[in-house]
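Before any comments, here is the structure.
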Amino acid sequence: MPRRRAFLEEEIRLATPRSRAQWERGKESMPGGVIKGAYWSSPHPIYVERAEDCYLWDLDGHRYVDFTNHHTAMVLGHSPPTVVEAVNKAVAQGLGFGAPSTLEAETAEEIVNRFPSIDKVRFTGSGTESSIHATRMARAFTGRPKVAKFEGAYHGSHDALEISTSPDIARAGSADSPASVASWPGMARGAEDDVVILPYSQRESVELILREHKDEVAAVFFDAKAGIYDLDPDFARFLRDLTRELGMVMVMDEVVSFRAGYSGYQGVVGIEPDLTLFAKIMSGGLPGGVLAGKTELMDMLDNSTGATLNQSGTFSGNHLTLAAGLATLRALTPDVYRHFDVLRERMISGLERLFREAGVQAQVRGLGSIVSFDIGDRPTGDYRTLVETDRDTADLIRMEVLLKGYFIAAGLGLCLSAPMEIEHIDGLVGAIGESLAAE
């Protein structure tokens with residue numbers, strides 16, 4: 001495997017010299033040569049010159065079918081006509097007003113009409129900001145000091161929730177009662193003490209932990225890892241019933257799982273959380289986030305009656321983001337999700353067939369517009385089983401298919417976008433099959 005990796009890395013270097021040069025240039029002014037950590041990939045990042053529909057073109061003129069979708073954000077592809085038109089119109093009206101516009105109510109109404117659990121909406125600058133405010137709201141609403149989240153789940157870059165996002169298993173405690181592990185050095189002292197960690201899929205353990213902390217936990221943050229983990233839909237229903245019984249706020253993170261269906265993962269499984277977090281797709285691929293939920297919680301932010309809490313921010317509900325988000329919501333029709341169903345099932349069946357024919361033990365699953373595969377013999381139902389998978393082979397596959405014109409990334413699955421057709425699915429499946437044959 002080391003020889004195969006060295007060969008592929010050299011092939012990428014030879015094929016993408018301009019990306020290599022741009023990365024070398026960037027190292028002079030940016031840590032690691034990139035503007036954010038997610039852009040790093042071995043042997044160097046691939047720099048994109050332009051994007052259109054489901055394609056990316058790099059600096060060296062190579063075209064890739066894009067199965068990353070800008071970290072899942074571009075569900076309609078990179079140039080959906082109605083979204084581009086809406087943003088161009090918004091730009092012509094002004095980049096930002098510092099005052100309300102009619103787009104606020106239009107977008108909020110679209111969200112409320114789409115999600116039965118949502119009565120009212122606030123816009124934020126990012127998914128991280130949404131989760132910060134949700135944490136404060138839940139604590140203020142319940143009077144309890146702690147929050148609970150699931151091991152391996154990420155809800156934003158801040159000390160209140162960036163705990164046990166990808167912990168070292170040696171420090172993470174037992175599988176049925178995970179320890180709280182700060183994700184990075186430099187986090188606030190005591191941050192781990194304010195977060196209770198739950199194990200995915202284990203109902204008895206989750207119930208025992210939450211009942212033990214029933215007087216301390218204000219909220220349970222839940223990301224269903226739609227299409228990423230093999231999670232029983234009944235688990236979400238169980239969690240909703242339990243949090244309601246214990247007086248805990250259920251916060252549903254739909255930043256990625258909005259891809260699961262027309263009304264997100266909550267619509268697929270038929271639950272109504274108290275608060276919901278959005279970003280990415282809800283912002284039309286532009287920077288922004290959404291915090292939405294039940295009236296009794298959202299009215300804590302009502303400035304007209306003397307808000308319990310403040311939520312604001314210069315770029316919260318930015319004019320351009322609202323335009324892009326509203327156009328995206330209106331374009332994400334049930335027909336688009338039905339199209340995703342066809343593409344997803346085609347990819348799942350194709351991947352299962354090629355792994356079976358290659359004699360490779362692998363786990364394939366998907367939901368909505370996300371499909372995942374892991375090399376291993378155990379269903380990937382939580383962070384710990386994911387850690388046990390053969391990620392070295394998965395990364396070799398990434399490099400192999402890159403050289404064949406397919407752009408994929410680890411951690412967020414294979415993301416489908418509306419412009420894709422069966423030929424794109426079959427092409428990627430074929431490229432992965434050729435990679436397996438080369439091992």
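The chains in the structure tokens are called A, B, ... from first to last as shown; in each chain the residues are counted from 1, and the ligands are counted from 1 in the order shown.
Near Leu95 of chain A, within 10 Å and counting only C-alpha atoms, sit Asn318, His319 and Leu320 of chain A; same-chain residues fewer than 6 positions away were not included.
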Let me see the file: selected residues, C-alpha atoms, as a PDB file, in the first residue's frame.
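Listing of part_30.pdb after writing:
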```
ATOM      1  CA  ASN A 318     -27.560  39.039   4.606  1.00  0.00           C
ATOM      2  CA  HIS A 319     -29.491  40.247   1.563  1.00  0.00           C
ATOM      3  CA  LEU A 320     -27.596  38.026  -0.902  1.00  0.00           C
TER       4      LEU A 320
END
```
Write out as JSON, numbers by chain the residues lying within 9 Å of segment 110-117 of chain A, counting only C-alpha atoms and excluding same-chain residues fewer than 4 positions away. {"A": [105, 106, 121, 262, 263, 264, 266, 267, 271, 272, 273, 274, 275, 276, 282, 292, 293, 294, 326, 329, 330]}
Hey, can you spit out that residue selection with C-alpha atoms as an mmCIF file, in the first residue's frame?
```
data_model
loop_
_atom_site.group_PDB
_atom_site.id
_atom_site.type_symbol
_atom_site.label_atom_id
_atom_site.label_comp_id
_atom_site.auth_asym_id
_atom_site.auth_seq_id
_atom_site.Cartn_x
_atom_site.Cartn_y
_atom_site.Cartn_z
ATOM 1 C CA ALA A 105 -40.496 37.310 5.670
ATOM 2 C CA GLU A 106 -40.625 35.517 2.305
ATOM 3 C CA VAL A 121 -37.253 31.647 12.245
ATOM 4 C CA TYR A 262 -38.219 17.637 1.389
ATOM 5 C CA SER A 263 -38.645 18.400 5.119
ATOM 6 C CA GLY A 264 -35.217 17.151 6.141
ATOM 7 C CA GLN A 266 -37.233 15.086 10.705
ATOM 8 C CA GLY A 267 -39.747 14.795 7.892
ATOM 9 C CA ILE A 271 -40.727 13.857 14.418
ATOM 10 C CA GLU A 272 -40.959 17.484 15.556
ATOM 11 C CA PRO A 273 -37.874 18.756 17.386
ATOM 12 C CA ASP A 274 -38.077 21.892 19.508
ATOM 13 C CA LEU A 275 -35.316 23.716 17.642
ATOM 14 C CA THR A 276 -33.704 23.098 14.262
ATOM 15 C CA MET A 282 -30.708 26.759 3.434
ATOM 16 C CA ALA A 292 -35.803 27.920 13.893
ATOM 17 C CA GLY A 293 -38.332 26.251 16.137
ATOM 18 C CA LYS A 294 -41.274 26.419 18.480
ATOM 19 C CA LEU A 326 -35.196 31.449 -0.952
ATOM 20 C CA LEU A 329 -35.858 26.306 -1.277
ATOM 21 C CA ARG A 330 -38.323 26.989 -4.069
#
```
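With only C-alpha atoms taken into account, the protein and nucleic acid residues at most 9 Å from Ala140 of chain A (excluding it and anything under 6 positions from it in its own chain) are Ala218, Met300, Thr308 and Leu309 of chain A.
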Name all residues at most 7 Å from Leu416 of chain A (count only C-alpha atoms; drop same-chain ones fewer than 3 positions away) and give them as an MDAnalysis selection string. chainID A and resid 67 75 369:370 420
Against segment 385-406 of chain A, which residues of segment 14-66 of chain A fall within 12 Å? For each one I want the closest pair of atoms and the distance in Å (one decimal), counting only C-alpha atoms, rows by chain and increasing residue number, as a Markdown table.
```
| residue | atom | partner | partner_atom | distance |
| --- | --- | --- | --- | --- |
| A:Leu14 | CA | A:Leu403 | CA | 10.6 |
| A:Ala15 | CA | A:Leu403 | CA | 8.0 |
| A:Thr16 | CA | A:Leu403 | CA | 9.8 |
| A:Ser41 | CA | A:Met399 | CA | 9.6 |
| A:Ser42 | CA | A:Met399 | CA | 8.5 |
| A:Pro43 | CA | A:Met399 | CA | 9.3 |
| A:His44 | CA | A:Met399 | CA | 11.1 |
| A:Pro45 | CA | A:Met399 | CA | 11.5 |
| A:Ile46 | CA | A:Leu402 | CA | 9.7 |
| A:Cys54 | CA | A:Tyr406 | CA | 10.5 |
| A:Tyr55 | CA | A:Tyr406 | CA | 9.1 |
| A:Leu56 | CA | A:Tyr406 | CA | 9.3 |
| A:Trp57 | CA | A:Gly405 | CA | 9.8 |
| A:Asp58 | CA | A:Gly405 | CA | 10.7 |
| A:Gly61 | CA | A:Gly405 | CA | 11.2 |
| A:His62 | CA | A:Gly405 | CA | 7.4 |
| A:Arg63 | CA | A:Gly405 | CA | 6.2 |
| A:Tyr64 | CA | A:Gly405 | CA | 4.4 |
| A:Val65 | CA | A:Tyr406 | CA | 4.8 |
| A:Asp66 | CA | A:Tyr406 | CA | 6.3 |
```
Check segment 233-310 of chain A with DSSP on the backbone and list each residue it calls strand (DSSP E), as a PDB file with N, CA and C atoms, in the first residue's frame.
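As a result, result30.pdb now contains:
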```pdb
ATOM      1  N   VAL A 249     -34.820  20.141  25.778  1.00  0.00           N
ATOM      2  CA  VAL A 249     -35.020  20.685  24.442  1.00  0.00           C
ATOM      3  C   VAL A 249     -34.322  19.772  23.431  1.00  0.00           C
ATOM      4  N   MET A 250     -35.061  19.305  22.430  1.00  0.00           N
ATOM      5  CA  MET A 250     -34.430  18.527  21.366  1.00  0.00           C
ATOM      6  C   MET A 250     -34.043  19.477  20.244  1.00  0.00           C
ATOM      7  N   VAL A 251     -32.734  19.526  19.963  1.00  0.00           N
ATOM      8  CA  VAL A 251     -32.207  20.386  18.908  1.00  0.00           C
ATOM      9  C   VAL A 251     -31.779  19.503  17.745  1.00  0.00           C
ATOM     10  N   MET A 252     -32.433  19.642  16.632  1.00  0.00           N
ATOM     11  CA  MET A 252     -32.150  18.834  15.445  1.00  0.00           C
ATOM     12  C   MET A 252     -31.199  19.593  14.535  1.00  0.00           C
ATOM     13  N   ASP A 253     -30.043  19.010  14.279  1.00  0.00           N
ATOM     14  CA  ASP A 253     -29.064  19.617  13.378  1.00  0.00           C
ATOM     15  C   ASP A 253     -29.345  19.107  11.968  1.00  0.00           C
ATOM     16  N   LEU A 275     -36.119  22.766  18.414  1.00  0.00           N
ATOM     17  CA  LEU A 275     -35.316  23.716  17.642  1.00  0.00           C
ATOM     18  C   LEU A 275     -34.638  22.972  16.496  1.00  0.00           C
ATOM     19  N   THR A 276     -34.402  23.678  15.397  1.00  0.00           N
ATOM     20  CA  THR A 276     -33.704  23.098  14.262  1.00  0.00           C
ATOM     21  C   THR A 276     -32.623  24.062  13.788  1.00  0.00           C
ATOM     22  N   LEU A 277     -31.458  23.496  13.477  1.00  0.00           N
ATOM     23  CA  LEU A 277     -30.334  24.260  12.953  1.00  0.00           C
ATOM     24  C   LEU A 277     -30.175  23.982  11.462  1.00  0.00           C
ATOM     25  N   PHE A 278     -29.953  25.051  10.680  1.00  0.00           N
ATOM     26  CA  PHE A 278     -29.685  24.920   9.252  1.00  0.00           C
ATOM     27  C   PHE A 278     -28.485  25.786   8.880  1.00  0.00           C
ATOM     28  N   ALA A 279     -27.930  25.517   7.719  1.00  0.00           N
ATOM     29  CA  ALA A 279     -26.912  26.358   7.081  1.00  0.00           C
ATOM     30  C   ALA A 279     -26.763  25.816   5.660  1.00  0.00           C
ATOM     31  N   GLY A 289     -26.695  30.967   8.181  1.00  0.00           N
ATOM     32  CA  GLY A 289     -27.316  29.900   8.964  1.00  0.00           C
ATOM     33  C   GLY A 289     -28.727  30.276   9.352  1.00  0.00           C
ATOM     34  N   VAL A 290     -29.436  29.302   9.881  1.00  0.00           N
ATOM     35  CA  VAL A 290     -30.825  29.504  10.319  1.00  0.00           C
ATOM     36  C   VAL A 290     -31.019  28.811  11.660  1.00  0.00           C
ATOM     37  N   LEU A 291     -31.708  29.477  12.560  1.00  0.00           N
ATOM     38  CA  LEU A 291     -32.143  28.910  13.830  1.00  0.00           C
ATOM     39  C   LEU A 291     -33.658  29.027  13.852  1.00  0.00           C
ATOM     40  N   ALA A 292     -34.345  27.908  14.018  1.00  0.00           N
ATOM     41  CA  ALA A 292     -35.803  27.920  13.893  1.00  0.00           C
ATOM     42  C   ALA A 292     -36.428  26.948  14.880  1.00  0.00           C
ATOM     43  N   GLY A 293     -37.700  27.184  15.215  1.00  0.00           N
ATOM     44  CA  GLY A 293     -38.332  26.251  16.137  1.00  0.00           C
ATOM     45  C   GLY A 293     -39.652  26.730  16.682  1.00  0.00           C
TER      46      GLY A 293
END
```
Using only C-alpha atoms, find the one residue out of A:Leu332, A:Leu286, A:Ala175, A:Ile228 that sits nearest to Gly125 of chain A. A:Leu286
Between A:Val206, A:Leu428, A:Leu59, A:Ala260, which one has atoms that come closest to Asp176 of chain A, using only C-alpha atoms?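 Ranked by minimum distance to Asp176 of chain A, first place goes to A:Val206.
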Which residues, written as a ChimeraX atom specification, have at least one atom at most 9 Å from Leu198 of chain A, with only C-alpha atoms counted and residues fewer than 4 positions away on the same chain left out? /A:148-151,176-179,202,205-206,209-210
Could those residues be written to a file, using N, CA and C atoms, as a short mmCIF file (atom, residue, chain, number, x, y, z; two decimals), in the first residue's frame?
```cif
data_model
loop_
_atom_site.label_atom_id
_atom_site.label_comp_id
_atom_site.auth_asym_id
_atom_site.auth_seq_id
_atom_site.Cartn_x
_atom_site.Cartn_y
_atom_site.Cartn_z
N ALA A 148 -26.33 17.88 26.03
CA ALA A 148 -25.88 16.55 25.63
C ALA A 148 -25.77 16.50 24.11
N LYS A 149 -24.81 15.73 23.63
CA LYS A 149 -24.63 15.52 22.20
C LYS A 149 -24.08 14.12 21.97
N PHE A 150 -24.04 13.71 20.72
CA PHE A 150 -23.60 12.36 20.40
C PHE A 150 -22.14 12.32 19.99
N GLU A 151 -21.47 11.26 20.40
CA GLU A 151 -20.06 11.08 20.08
C GLU A 151 -19.88 11.04 18.56
N ASP A 176 -20.51 2.40 25.62
CA ASP A 176 -21.89 2.65 26.04
C ASP A 176 -22.02 3.85 26.98
N SER A 177 -20.90 4.41 27.41
CA SER A 177 -20.93 5.61 28.24
C SER A 177 -19.70 6.46 27.94
N PRO A 178 -19.68 7.11 26.78
CA PRO A 178 -18.48 7.81 26.33
C PRO A 178 -18.09 8.97 27.24
N ALA A 179 -16.79 9.20 27.31
CA ALA A 179 -16.27 10.32 28.07
C ALA A 179 -16.34 11.60 27.24
N GLN A 202 -27.55 3.25 20.69
CA GLN A 202 -27.72 2.46 21.91
C GLN A 202 -28.82 3.06 22.80
N SER A 205 -28.49 2.70 26.76
CA SER A 205 -27.43 3.54 27.32
C SER A 205 -27.82 5.01 27.29
N VAL A 206 -28.41 5.44 26.18
CA VAL A 206 -28.84 6.84 26.07
C VAL A 206 -29.87 7.16 27.15
N ILE A 209 -28.18 7.35 30.62
CA ILE A 209 -27.36 8.55 30.78
C ILE A 209 -28.24 9.79 30.96
N LEU A 210 -29.26 9.93 30.13
CA LEU A 210 -30.11 11.12 30.22
C LEU A 210 -30.95 11.13 31.50
#
```
Out of segment 305-358 of chain A, which residues get helix (DSSP H, G or I) from DSSP, as a PyMOL selection string? chain A and resi 305+319-331+334-358
Test item: residues at most 12 Å from segment 159-165 of chain A, only C-alpha atoms, excluding those fewer than 2 positions along its chain, as number ranges by chain: A: 128-136, 139, 145-157, 167-169, 171-173, 178-199, 219-223, 382-384
Find, counting only C-alpha atoms, the residue in A:Gly430, A:Gly325, A:Gly227, A:Pro419 that gets nearest to Phe373 of chain A. A:Gly227
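Between atom CA of Lys27 of chain A and atom CA of Gly411 of chain A lies a distance of 25.0 Å.
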What does the distance from atom CA of Glu352 of chain A to atom CA of Asp232 of chain A come to in Å, to one decimal?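 Atom CA of Asp232 of chain A lies at a distance of 19.9 Å from atom CA of Glu352 of chain A.
For the pair atom CA of Asp299 of chain A and atom CA of Phe123 of chain A, the separation is 14.0 Å.
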Could you tell me which of A:Thr72, A:Ser349, A:Thr142, A:Thr328 comes closest to Val84 of chain A if we count only C-alpha atoms?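 Closest to Val84 of chain A of all the choices is A:Thr328.
Residue nearest Arg338 of chain A within the list A:Ser316, A:Glu434, A:Ala418, A:Gly413: A:Ala418 [criterion: smallest interatomic distance, only C-alpha atoms].
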